[in-house]
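Next comes model.pdb, with PDB, C-alpha atoms, pLDDT in the B column.
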```pdb
MODEL        1
ATOM      1  CA  MET A   1     -29.703  20.042 -34.210  1.00 56.00           C
ATOM      2  CA  PRO A   2     -28.470  23.617 -33.519  1.00 54.00           C
ATOM      3  CA  LYS A   3     -31.086  26.291 -34.089  1.00 49.00           C
ATOM      4  CA  PRO A   4     -30.965  28.768 -37.005  1.00 49.00           C
ATOM      5  CA  GLY A   5     -28.967  31.933 -36.427  1.00 52.00           C
ATOM      6  CA  ILE A   6     -26.236  30.273 -34.345  1.00 62.00           C
ATOM      7  CA  TYR A   7     -24.506  28.091 -36.917  1.00 83.00           C
ATOM      8  CA  ARG A   8     -20.864  28.003 -35.868  1.00 89.00           C
ATOM      9  CA  ALA A   9     -18.087  26.873 -38.220  1.00 91.00           C
ATOM     10  CA  GLY A  10     -18.288  23.122 -38.752  1.00 95.00           C
ATOM     11  CA  VAL A  11     -21.924  22.752 -37.754  1.00 96.00           C
ATOM     12  CA  PRO A  12     -24.241  21.168 -40.352  1.00 97.00           C
ATOM     13  CA  CYS A  13     -26.419  24.067 -41.450  1.00 96.00           C
ATOM     14  CA  TRP A  14     -27.901  23.275 -44.859  1.00 96.00           C
ATOM     15  CA  VAL A  15     -28.749  20.339 -47.115  1.00 97.00           C
ATOM     16  CA  VAL A  16     -29.007  20.240 -50.894  1.00 96.00           C
ATOM     17  CA  LEU A  17     -30.597  17.518 -52.996  1.00 97.00           C
ATOM     18  CA  THR A  18     -28.742  16.966 -56.266  1.00 96.00           C
ATOM     19  CA  THR A  19     -30.946  14.995 -58.635  1.00 96.00           C
ATOM     20  CA  PRO A  20     -31.438  14.421 -62.387  1.00 94.00           C
ATOM     21  CA  ASP A  21     -35.037  15.710 -62.449  1.00 95.00           C
ATOM     22  CA  THR A  22     -35.775  18.650 -60.156  1.00 96.00           C
ATOM     23  CA  ALA A  23     -39.446  18.879 -61.117  1.00 96.00           C
ATOM     24  CA  ARG A  24     -39.946  15.236 -60.176  1.00 96.00           C
ATOM     25  CA  ALA A  25     -38.092  15.789 -56.891  1.00 97.00           C
ATOM     26  CA  GLN A  26     -40.269  18.766 -56.027  1.00 98.00           C
ATOM     27  CA  ALA A  27     -43.402  16.690 -56.621  1.00 98.00           C
ATOM     28  CA  PHE A  28     -42.028  13.871 -54.445  1.00 98.00           C
ATOM     29  CA  TYR A  29     -40.956  15.982 -51.472  1.00 98.00           C
ATOM     30  CA  GLY A  30     -43.943  18.284 -51.751  1.00 98.00           C
ATOM     31  CA  ALA A  31     -46.176  15.243 -51.261  1.00 98.00           C
ATOM     32  CA  LEU A  32     -43.929  13.645 -48.609  1.00 98.00           C
ATOM     33  CA  PHE A  33     -43.146  16.656 -46.384  1.00 98.00           C
ATOM     34  CA  ASP A  34     -45.634  19.311 -47.582  1.00 97.00           C
ATOM     35  CA  TRP A  35     -42.739  21.399 -48.888  1.00 98.00           C
ATOM     36  CA  GLU A  36     -43.336  24.362 -51.145  1.00 98.00           C
ATOM     37  CA  PHE A  37     -40.666  25.530 -53.575  1.00 97.00           C
ATOM     38  CA  VAL A  38     -39.304  28.938 -54.558  1.00 95.00           C
ATOM     39  CA  PRO A  39     -37.428  28.835 -57.907  1.00 93.00           C
ATOM     40  CA  THR A  40     -33.913  30.273 -57.725  1.00 88.00           C
ATOM     41  CA  GLY A  41     -32.721  29.317 -61.228  1.00 83.00           C
ATOM     42  CA  PRO A  42     -33.628  27.268 -64.297  1.00 83.00           C
ATOM     43  CA  ALA A  43     -33.039  23.977 -62.459  1.00 84.00           C
ATOM     44  CA  GLU A  44     -32.796  25.070 -58.824  1.00 91.00           C
ATOM     45  CA  ALA A  45     -35.238  25.816 -56.023  1.00 94.00           C
ATOM     46  CA  VAL A  46     -35.351  26.414 -52.274  1.00 94.00           C
ATOM     47  CA  ALA A  47     -37.783  24.244 -50.351  1.00 97.00           C
ATOM     48  CA  THR A  48     -39.833  25.967 -47.656  1.00 97.00           C
ATOM     49  CA  ARG A  49     -42.022  24.863 -44.764  1.00 97.00           C
ATOM     50  CA  TYR A  50     -44.315  27.401 -43.107  1.00 95.00           C
ATOM     51  CA  GLY A  51     -42.474  30.018 -45.159  1.00 95.00           C
ATOM     52  CA  ALA A  52     -39.017  29.148 -43.750  1.00 95.00           C
ATOM     53  CA  GLN A  53     -36.242  27.717 -45.945  1.00 94.00           C
ATOM     54  CA  VAL A  54     -35.496  24.078 -45.104  1.00 96.00           C
ATOM     55  CA  ALA A  55     -33.432  22.695 -48.021  1.00 96.00           C
ATOM     56  CA  ALA A  56     -32.507  23.222 -51.664  1.00 95.00           C
ATOM     57  CA  VAL A  57     -32.887  21.177 -54.836  1.00 96.00           C
ATOM     58  CA  GLU A  58     -30.598  21.407 -57.864  1.00 94.00           C
ATOM     59  CA  ARG A  59     -30.085  19.474 -61.089  1.00 93.00           C
ATOM     60  CA  ALA A  60     -27.171  17.046 -61.075  1.00 89.00           C
ATOM     61  CA  ARG A  61     -24.113  17.958 -63.142  1.00 83.00           C
ATOM     62  CA  PRO A  62     -22.196  15.314 -65.149  1.00 80.00           C
ATOM     63  CA  SER A  63     -19.573  15.092 -62.378  1.00 74.00           C
ATOM     64  CA  ASP A  64     -22.176  14.677 -59.605  1.00 75.00           C
ATOM     65  CA  PRO A  65     -23.604  11.461 -58.174  1.00 76.00           C
ATOM     66  CA  PRO A  66     -26.970  10.775 -59.854  1.00 82.00           C
ATOM     67  CA  ALA A  67     -29.126  11.540 -56.796  1.00 95.00           C
ATOM     68  CA  VAL A  68     -27.813  12.469 -53.350  1.00 97.00           C
ATOM     69  CA  TRP A  69     -28.469  14.652 -50.329  1.00 98.00           C
ATOM     70  CA  THR A  70     -25.348  16.685 -49.472  1.00 97.00           C
ATOM     71  CA  THR A  71     -24.742  18.030 -45.967  1.00 98.00           C
ATOM     72  CA  PHE A  72     -23.216  21.519 -45.872  1.00 97.00           C
ATOM     73  CA  LEU A  73     -21.115  22.628 -42.913  1.00 97.00           C
ATOM     74  CA  ALA A  74     -21.058  26.272 -41.872  1.00 96.00           C
ATOM     75  CA  CYS A  75     -17.820  27.926 -42.976  1.00 93.00           C
ATOM     76  CA  PRO A  76     -16.886  31.631 -42.811  1.00 91.00           C
ATOM     77  CA  ASP A  77     -13.925  31.214 -45.207  1.00 93.00           C
ATOM     78  CA  PRO A  78     -14.247  28.337 -47.725  1.00 93.00           C
ATOM     79  CA  LEU A  79     -10.838  28.970 -49.337  1.00 93.00           C
ATOM     80  CA  ARG A  80      -8.988  28.777 -46.034  1.00 94.00           C
ATOM     81  CA  THR A  81     -10.976  25.731 -44.936  1.00 96.00           C
ATOM     82  CA  LEU A  82     -10.314  23.947 -48.233  1.00 96.00           C
ATOM     83  CA  ALA A  83      -6.585  24.436 -47.689  1.00 96.00           C
ATOM     84  CA  VAL A  84      -6.921  22.636 -44.340  1.00 97.00           C
ATOM     85  CA  VAL A  85      -9.058  19.943 -45.978  1.00 98.00           C
ATOM     86  CA  ARG A  86      -6.241  19.227 -48.457  1.00 97.00           C
ATOM     87  CA  THR A  87      -3.599  19.194 -45.725  1.00 97.00           C
ATOM     88  CA  ALA A  88      -5.713  16.736 -43.727  1.00 98.00           C
ATOM     89  CA  GLY A  89      -6.008  14.333 -46.674  1.00 98.00           C
ATOM     90  CA  GLY A  90      -9.237  15.427 -48.323  1.00 98.00           C
ATOM     91  CA  HIS A  91      -9.688  16.996 -51.725  1.00 97.00           C
ATOM     92  CA  LEU A  92     -11.753  19.563 -53.586  1.00 96.00           C
ATOM     93  CA  ALA A  93     -14.833  18.457 -55.546  1.00 94.00           C
ATOM     94  CA  ARG A  94     -16.083  21.898 -56.625  1.00 92.00           C
ATOM     95  CA  GLU A  95     -14.427  25.293 -56.309  1.00 92.00           C
ATOM     96  CA  PRO A  96     -16.013  27.962 -54.094  1.00 92.00           C
ATOM     97  CA  HIS A  97     -18.786  29.701 -56.019  1.00 90.00           C
ATOM     98  CA  GLU A  98     -21.533  32.197 -55.416  1.00 87.00           C
ATOM     99  CA  VAL A  99     -25.084  30.947 -55.055  1.00 83.00           C
ATOM    100  CA  PRO A 100     -27.008  34.041 -56.170  1.00 78.00           C
ATOM    101  CA  GLU A 101     -28.818  35.819 -53.334  1.00 74.00           C
ATOM    102  CA  GLN A 102     -28.099  32.927 -50.938  1.00 81.00           C
ATOM    103  CA  GLY A 103     -24.421  32.519 -50.021  1.00 86.00           C
ATOM    104  CA  ARG A 104     -21.127  31.015 -51.121  1.00 90.00           C
ATOM    105  CA  ALA A 105     -20.590  27.270 -51.437  1.00 93.00           C
ATOM    106  CA  ALA A 106     -17.912  24.696 -52.156  1.00 95.00           C
ATOM    107  CA  LEU A 107     -17.804  20.897 -52.248  1.00 96.00           C
ATOM    108  CA  ALA A 108     -15.100  18.692 -50.749  1.00 97.00           C
ATOM    109  CA  VAL A 109     -14.436  14.997 -50.216  1.00 98.00           C
ATOM    110  CA  ASP A 110     -12.918  13.727 -46.972  1.00 98.00           C
ATOM    111  CA  PRO A 111     -10.191  11.019 -46.851  1.00 98.00           C
ATOM    112  CA  LEU A 112     -12.848   8.313 -46.361  1.00 97.00           C
ATOM    113  CA  GLY A 113     -14.593   9.325 -49.597  1.00 97.00           C
ATOM    114  CA  ALA A 114     -17.591  11.161 -48.110  1.00 97.00           C
ATOM    115  CA  ARG A 115     -18.684  14.281 -49.996  1.00 97.00           C
ATOM    116  CA  PHE A 116     -19.690  17.340 -47.971  1.00 98.00           C
ATOM    117  CA  GLY A 117     -20.360  20.985 -48.629  1.00 97.00           C
ATOM    118  CA  LEU A 118     -19.016  24.216 -47.170  1.00 97.00           C
ATOM    119  CA  TRP A 119     -21.485  27.058 -46.748  1.00 95.00           C
ATOM    120  CA  ARG A 120     -20.694  30.724 -46.107  1.00 93.00           C
ATOM    121  CA  ALA A 121     -23.889  32.517 -45.221  1.00 89.00           C
ATOM    122  CA  GLY A 122     -25.333  35.233 -47.386  1.00 85.00           C
ATOM    123  CA  THR A 123     -29.043  35.959 -47.260  1.00 83.00           C
ATOM    124  CA  ILE A 124     -29.475  32.316 -46.209  1.00 83.00           C
ATOM    125  CA  ASP A 125     -27.332  31.362 -43.223  1.00 87.00           C
ATOM    126  CA  GLY A 126     -28.733  27.829 -43.225  1.00 91.00           C
ATOM    127  CA  ALA A 127     -31.990  26.072 -42.513  1.00 94.00           C
ATOM    128  CA  GLY A 128     -34.510  28.535 -41.097  1.00 93.00           C
ATOM    129  CA  LEU A 129     -36.601  25.860 -39.383  1.00 95.00           C
ATOM    130  CA  VAL A 130     -35.303  22.611 -37.854  1.00 95.00           C
ATOM    131  CA  ASP A 131     -36.393  19.811 -35.520  1.00 94.00           C
ATOM    132  CA  GLU A 132     -40.011  20.034 -36.691  1.00 95.00           C
ATOM    133  CA  PRO A 133     -41.911  17.524 -38.845  1.00 96.00           C
ATOM    134  CA  GLY A 134     -40.847  18.028 -42.451  1.00 97.00           C
ATOM    135  CA  THR A 135     -37.518  19.688 -41.585  1.00 97.00           C
ATOM    136  CA  LEU A 136     -33.897  18.720 -40.955  1.00 97.00           C
ATOM    137  CA  ALA A 137     -33.365  17.101 -37.556  1.00 96.00           C
ATOM    138  CA  TRP A 138     -29.804  15.700 -37.541  1.00 96.00           C
ATOM    139  CA  ASN A 139     -26.754  14.818 -39.658  1.00 97.00           C
ATOM    140  CA  GLU A 140     -24.334  11.955 -39.229  1.00 97.00           C
ATOM    141  CA  HIS A 141     -21.125  10.811 -40.874  1.00 98.00           C
ATOM    142  CA  LEU A 142     -20.820   7.073 -41.483  1.00 98.00           C
ATOM    143  CA  SER A 143     -17.718   5.218 -42.678  1.00 97.00           C
ATOM    144  CA  PRO A 144     -15.744   1.981 -42.277  1.00 96.00           C
ATOM    145  CA  ASP A 145     -13.181   3.945 -40.196  1.00 96.00           C
ATOM    146  CA  PRO A 146     -14.881   6.315 -37.712  1.00 96.00           C
ATOM    147  CA  GLY A 147     -11.546   6.956 -36.000  1.00 96.00           C
ATOM    148  CA  ALA A 148     -10.060   8.399 -39.198  1.00 97.00           C
ATOM    149  CA  ALA A 149     -13.207  10.481 -39.712  1.00 98.00           C
ATOM    150  CA  ARG A 150     -12.972  11.872 -36.186  1.00 97.00           C
ATOM    151  CA  SER A 151      -9.324  12.814 -36.745  1.00 98.00           C
ATOM    152  CA  PHE A 152     -10.083  14.554 -40.044  1.00 98.00           C
ATOM    153  CA  TYR A 153     -12.999  16.648 -38.789  1.00 98.00           C
ATOM    154  CA  ARG A 154     -11.177  17.508 -35.570  1.00 98.00           C
ATOM    155  CA  ARG A 155      -8.319  18.879 -37.627  1.00 97.00           C
ATOM    156  CA  VAL A 156     -10.520  20.792 -40.075  1.00 97.00           C
ATOM    157  CA  PHE A 157     -13.246  22.121 -37.757  1.00 97.00           C
ATOM    158  CA  GLY A 158     -11.951  21.572 -34.235  1.00 96.00           C
ATOM    159  CA  TYR A 159     -14.590  18.993 -33.308  1.00 98.00           C
ATOM    160  CA  THR A 160     -14.456  17.569 -29.808  1.00 97.00           C
ATOM    161  CA  TYR A 161     -16.040  14.221 -29.029  1.00 98.00           C
ATOM    162  CA  ASP A 162     -18.000  12.514 -26.302  1.00 96.00           C
ATOM    163  CA  ARG A 163     -17.166   8.958 -25.343  1.00 93.00           C
ATOM    164  CA  PRO A 164     -18.395   6.577 -28.101  1.00 89.00           C
ATOM    165  CA  ARG A 165     -21.672   4.752 -27.492  1.00 87.00           C
ATOM    166  CA  ALA A 166     -22.450   1.642 -29.537  1.00 81.00           C
ATOM    167  CA  GLY A 167     -19.748   2.727 -31.990  1.00 84.00           C
ATOM    168  CA  HIS A 168     -21.226   6.207 -32.521  1.00 92.00           C
ATOM    169  CA  THR A 169     -19.613   9.406 -31.270  1.00 96.00           C
ATOM    170  CA  LEU A 170     -21.319  12.730 -30.626  1.00 97.00           C
ATOM    171  CA  ALA A 171     -19.280  15.585 -32.141  1.00 97.00           C
ATOM    172  CA  ARG A 172     -19.399  19.013 -30.539  1.00 97.00           C
ATOM    173  CA  VAL A 173     -18.538  22.527 -31.669  1.00 95.00           C
ATOM    174  CA  ALA A 174     -17.845  25.020 -28.873  1.00 93.00           C
ATOM    175  CA  GLY A 175     -19.307  22.462 -26.477  1.00 94.00           C
ATOM    176  CA  ARG A 176     -22.634  22.129 -28.284  1.00 94.00           C
ATOM    177  CA  PRO A 177     -23.845  19.009 -30.147  1.00 95.00           C
ATOM    178  CA  ALA A 178     -23.218  19.315 -33.889  1.00 96.00           C
ATOM    179  CA  CYS A 179     -23.469  15.866 -35.507  1.00 97.00           C
ATOM    180  CA  SER A 180     -22.443  12.265 -34.962  1.00 97.00           C
ATOM    181  CA  ILE A 181     -19.811   9.963 -36.439  1.00 98.00           C
ATOM    182  CA  GLY A 182     -20.311   6.222 -36.649  1.00 96.00           C
ATOM    183  CA  PRO A 183     -19.473   2.965 -38.430  1.00 96.00           C
ATOM    184  CA  SER A 184     -20.782   1.777 -41.772  1.00 93.00           C
ATOM    185  CA  GLY A 185     -20.091  -1.217 -43.965  1.00 85.00           C
ATOM    186  CA  ALA A 186     -21.557   0.517 -47.020  1.00 84.00           C
ATOM    187  CA  GLY A 187     -18.924   3.164 -47.717  1.00 90.00           C
ATOM    188  CA  ALA A 188     -18.459   6.654 -46.337  1.00 97.00           C
ATOM    189  CA  ARG A 189     -21.176   9.285 -46.503  1.00 97.00           C
ATOM    190  CA  TRP A 190     -22.950  12.060 -44.678  1.00 98.00           C
ATOM    191  CA  LEU A 191     -26.568  11.175 -43.959  1.00 97.00           C
ATOM    192  CA  ALA A 192     -29.343  13.737 -43.403  1.00 98.00           C
ATOM    193  CA  HIS A 193     -32.191  12.967 -40.985  1.00 98.00           C
ATOM    194  CA  PHE A 194     -35.592  14.553 -41.586  1.00 98.00           C
ATOM    195  CA  ALA A 195     -38.179  14.795 -38.832  1.00 97.00           C
ATOM    196  CA  THR A 196     -41.666  13.366 -39.016  1.00 97.00           C
ATOM    197  CA  GLU A 197     -44.565  13.030 -36.587  1.00 95.00           C
ATOM    198  CA  ASP A 198     -45.044   9.351 -37.449  1.00 96.00           C
ATOM    199  CA  THR A 199     -42.201   7.403 -39.048  1.00 97.00           C
ATOM    200  CA  ASP A 200     -44.337   4.427 -40.029  1.00 98.00           C
ATOM    201  CA  ARG A 201     -46.992   6.552 -41.702  1.00 97.00           C
ATOM    202  CA  THR A 202     -44.410   8.660 -43.548  1.00 98.00           C
ATOM    203  CA  ALA A 203     -42.558   5.523 -44.674  1.00 98.00           C
ATOM    204  CA  ASP A 204     -45.818   4.181 -46.097  1.00 98.00           C
ATOM    205  CA  ARG A 205     -46.389   7.477 -47.912  1.00 98.00           C
ATOM    206  CA  LEU A 206     -42.832   7.356 -49.275  1.00 98.00           C
ATOM    207  CA  ARG A 207     -43.447   3.872 -50.695  1.00 98.00           C
ATOM    208  CA  ALA A 208     -46.676   5.023 -52.320  1.00 98.00           C
ATOM    209  CA  LEU A 209     -44.741   7.872 -53.981  1.00 98.00           C
ATOM    210  CA  GLY A 210     -42.213   5.442 -55.473  1.00 98.00           C
ATOM    211  CA  GLY A 211     -39.528   5.582 -52.779  1.00 98.00           C
ATOM    212  CA  THR A 212     -37.871   2.636 -51.009  1.00 98.00           C
ATOM    213  CA  VAL A 213     -37.573   1.744 -47.335  1.00 98.00           C
ATOM    214  CA  VAL A 214     -34.101   0.256 -46.842  1.00 97.00           C
ATOM    215  CA  THR A 215     -34.325  -0.552 -43.105  1.00 97.00           C
ATOM    216  CA  GLY A 216     -36.912   0.019 -40.391  1.00 90.00           C
ATOM    217  CA  PRO A 217     -38.976   1.645 -39.162  1.00 96.00           C
ATOM    218  CA  GLU A 218     -37.417   0.655 -35.852  1.00 95.00           C
ATOM    219  CA  PRO A 219     -36.789   2.104 -32.379  1.00 91.00           C
ATOM    220  CA  ALA A 220     -33.683   4.275 -31.899  1.00 85.00           C
ATOM    221  CA  PRO A 221     -32.372   6.278 -28.931  1.00 80.00           C
ATOM    222  CA  PHE A 222     -33.728   9.590 -30.256  1.00 82.00           C
ATOM    223  CA  GLY A 223     -36.923   8.450 -31.971  1.00 86.00           C
ATOM    224  CA  ARG A 224     -38.314   5.804 -34.292  1.00 94.00           C
ATOM    225  CA  THR A 225     -36.264   5.792 -37.503  1.00 96.00           C
ATOM    226  CA  ALA A 226     -36.206   4.393 -41.018  1.00 98.00           C
ATOM    227  CA  LEU A 227     -33.445   4.529 -43.617  1.00 97.00           C
ATOM    228  CA  VAL A 228     -35.099   5.332 -46.947  1.00 98.00           C
ATOM    229  CA  ARG A 229     -34.469   6.410 -50.539  1.00 98.00           C
ATOM    230  CA  ASP A 230     -36.547   8.739 -52.660  1.00 98.00           C
ATOM    231  CA  ASP A 231     -37.852   7.772 -56.099  1.00 97.00           C
ATOM    232  CA  ALA A 232     -34.514   8.755 -57.711  1.00 96.00           C
ATOM    233  CA  GLY A 233     -32.381   6.853 -55.183  1.00 97.00           C
ATOM    234  CA  ALA A 234     -31.241   9.666 -52.831  1.00 97.00           C
ATOM    235  CA  GLU A 235     -30.802   8.228 -49.332  1.00 97.00           C
ATOM    236  CA  PHE A 236     -31.917   9.849 -46.058  1.00 98.00           C
ATOM    237  CA  VAL A 237     -33.355   8.969 -42.647  1.00 98.00           C
ATOM    238  CA  LEU A 238     -36.844   9.553 -41.273  1.00 98.00           C
ATOM    239  CA  VAL A 239     -36.913  10.159 -37.510  1.00 97.00           C
ATOM    240  CA  ALA A 240     -39.948  10.736 -35.297  1.00 96.00           C
ATOM    241  CA  VAL A 241     -40.061  13.972 -33.276  1.00 90.00           C
ATOM    242  CA  PRO A 242     -42.872  15.501 -31.214  1.00 75.00           C
ATOM    243  CA  ALA A 243     -45.047  17.932 -33.194  1.00 64.00           C
ATOM    244  CA  ARG A 244     -45.215  21.560 -32.077  1.00 61.00           C
ATOM    245  CA  ASP A 245     -47.236  24.499 -33.329  1.00 49.00           C
ATOM    246  CA  CYS A 246     -44.498  25.803 -35.610  1.00 46.00           C
ATOM    247  CA  ALA A 247     -47.066  27.180 -38.065  1.00 46.00           C
ATOM    248  CA  ALA A 248     -48.201  29.698 -35.498  1.00 42.00           C
ATOM    249  CA  ALA A 249     -44.599  30.649 -34.690  1.00 41.00           C
ATOM    250  CA  ALA A 250     -43.512  31.068 -38.315  1.00 43.00           C
TER     251      ALA A 250
ENDMDL
END
```

Written form, structure tokens:
Amino acid sequence: MPKPGIYRAGVPCWVVLTTPDTARAQAFYGALFDWEFVPTGPAEAVATRYGAQVAAVERARPSDPPAVWTTFLACPDPLRTLAVVRTAGGHLAREPHEVPEQGRAALAVDPLGARFGLWRAGTIDGAGLVDEPGTLAWNEHLSPDPGAARSFYRRVFGYTYDRPRAGHTLARVAGRPACSIGPSGAGARWLAHFATEDTDRTADRLRALGGTVVTGPEPAPFGRTALVRDDAGAEFVLVAVPARDCAAAA
């Protein structure tokens, strides 16, 4: 995915886990990905890897899904973008609000029913480390109608698209890969992919921690993958990437 510091509007830049029990989630992901956590509120924390921010965890509100990873798209002006979202057939899920000492956020739902976030950078412009084991590697939008999804995100963020391959389309922002859009028979959603050195080993660890492997591990064009859920039911993908000495670089 695009590297930190160059998150253009519309590019997935941040992910937030909304869950009923943040302490339990921190224990789960700390054991799964070796994340450490910096508290940012009574029921909120930023996850770090080698000292760099990689994700956030917050307690679910009554109006939230019980446990879900939400993809946030970089957005310099959430109010203006939300107006375009409405015009394009989406709707607001949560008004723009300040996230103390981090940035400004809002939640929206696209016409297919997929929830996504808008993120205006503050002290955190997005994930500070990506494409390394234990960090965000990719984001994809899945729905029963990929064509409608492509039209919506083109209108809101100006996405351009490569020719579809096996039903999946690479979306670009300013010519650079941003995310992918593909088909799903299980409803519309954004799906976060987290990198791992060994998908099979990490999937086994996830099971031992109380999580569930939904499909895989299995070969995929960009690495061995598995669709999984954590111990509270939040869905994400594990994908194998080569390990590098990111500890020395951090």

Taking (-27.6, 20.3, -60.1) in the file's coordinates as the center, which residues reach within 12 Å of it, counting only C-alpha atoms, put as a PyMOL selection string?
chain A and resi 16-23+25+41-45+56-70

Closest-contact table, region 5-63 of chain A side, partner region 97-119 of chain A, 9 Å, counting all atoms listed in the file, as a Markdown table:
```
| residue | atom | partner | partner_atom | distance |
| --- | --- | --- | --- | --- |
| A:Gly10 | CA | A:Leu118 | CA | 8.5 |
| A:Cys13 | CA | A:Trp119 | CA | 7.8 |
| A:Trp14 | CA | A:Trp119 | CA | 7.7 |
| A:Val15 | CA | A:Gly117 | CA | 8.5 |
| A:Val16 | CA | A:Gly117 | CA | 9.0 |
| A:Thr40 | CA | A:Pro100 | CA | 8.0 |
| A:Gly41 | CA | A:Pro100 | CA | 9.0 |
```

CA of Gly175 (chain A) sits from CA of Arg8 (chain A) at a separation of 11.0 Å

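If you count all atoms listed in the file and ignore residues fewer than 4 places along the chain from Leu238 (chain A), what sits within 9 Å of it is A:Ala192, A:His193, A:Phe194, A:Ala195, A:Thr196, A:Thr199, A:Thr202, A:Ala203, A:Pro217, A:Arg224, A:Thr225, A:Ala226, A:Leu227, A:Val228.
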
message = Quick check on the file I pasted: which residues fall under the PyMOL selection byres ((chain A and resi 145-149) around 9)? Write them as JSON, numbers by chain.
response = {"A": [110, 111, 112, 141, 142, 143, 144, 150, 151, 152, 153, 154, 167, 168, 169, 181, 182, 183, 184, 188]}

Find the residues near Phe28 (chain A): any atom within 8 Å, counting all atoms listed in the file, skip ones fewer than 2 places away on the same chain, and give them as a PyMOL selection string. chain A and resi 24-26+30-32+209+230-231

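A straight line drawn from CA of Leu79 (chain A) to CA of Glu95 (chain A) is 8.7 Å long.
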
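Interatomic distance, CA of Leu206 (chain A) against CA of Val54 (chain A): 18.7 Å.
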
Check: So which residues get picked by the PyMOL selection byres ((chain A and resi 124) around 9) here, written as a ChimeraX atom specification?
Finding: /A:53,101-103,120-123,125-128

* To do: Translate the PyMOL selection byres ((chain A and resi 80) around 12), as applied to the file shown, into an explicit residue set as a VMD selection string.
  => chain A and resid 75 to 79 81 to 87 96 106 118 120 156 to 157

Starting from 3 Å padding per side, set up an axis-aligned box that covers all listed atoms of region 58-73 of chain A and hand over centre and edge lengths in Å, one decimal, as AutoDock Vina command-line options.
```
--center_x -25.1 --center_y 16.7 --center_z -54.0 --size_x 17.0 --size_y 17.9 --size_z 28.2
```

Could you list, as number ranges by chain, every residue within 7 Å of Glu36 (chain A), counting all atoms listed in the file and ignoring same-chain residues fewer than 6 positions away? A: 30, 47-49

Saved selection, atoms kept: C-alpha atoms, as an mmCIF file, in the coordinates of the input:
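As written to disk, result_3.cif reads:
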```cif
data_model
loop_
_atom_site.group_PDB
_atom_site.id
_atom_site.type_symbol
_atom_site.label_atom_id
_atom_site.label_comp_id
_atom_site.auth_asym_id
_atom_site.auth_seq_id
_atom_site.Cartn_x
_atom_site.Cartn_y
_atom_site.Cartn_z
ATOM 1 C CA GLY A 30 -43.943 18.284 -51.751
ATOM 2 C CA ALA A 47 -37.783 24.244 -50.351
ATOM 3 C CA THR A 48 -39.833 25.967 -47.656
ATOM 4 C CA ARG A 49 -42.022 24.863 -44.764
#
```

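The residue that comes closest to Pro12 (chain A), out of A:Glu235, A:Asp131, A:Glu140, A:Asp198 and on the basis of only C-alpha atoms, is A:Glu140.
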
Nearest to Gly134 (chain A), restricted to all atoms listed in the file and choosing among A:Gly211, A:Gly89, A:Pro164, A:Pro242, comes out as A:Pro242

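Closest approach to Val241 (chain A) among A:Trp138, A:Asp204, A:Ala166, A:Pro39 is made by A:Trp138 (distances from only C-alpha atoms).
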
*Close residues, Ala171 (chain A) itself excluded, 8 Å, all atoms listed in the file, min 3 positions apart in chain, as a ChimeraX atom specification*: /A:159-162,177-181

Would you save the residues from that selection as a PDB file, keeping the file's coordinate frame, using C-alpha atoms?
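Result saved to again.pdb:
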```
ATOM      1  CA  TYR A 159     -14.590  18.993 -33.308  1.00 98.00           C
ATOM      2  CA  THR A 160     -14.456  17.569 -29.808  1.00 97.00           C
ATOM      3  CA  TYR A 161     -16.040  14.221 -29.029  1.00 98.00           C
ATOM      4  CA  ASP A 162     -18.000  12.514 -26.302  1.00 96.00           C
ATOM      5  CA  PRO A 177     -23.845  19.009 -30.147  1.00 95.00           C
ATOM      6  CA  ALA A 178     -23.218  19.315 -33.889  1.00 96.00           C
ATOM      7  CA  CYS A 179     -23.469  15.866 -35.507  1.00 97.00           C
ATOM      8  CA  SER A 180     -22.443  12.265 -34.962  1.00 97.00           C
ATOM      9  CA  ILE A 181     -19.811   9.963 -36.439  1.00 98.00           C
TER      10      ILE A 181
END
```
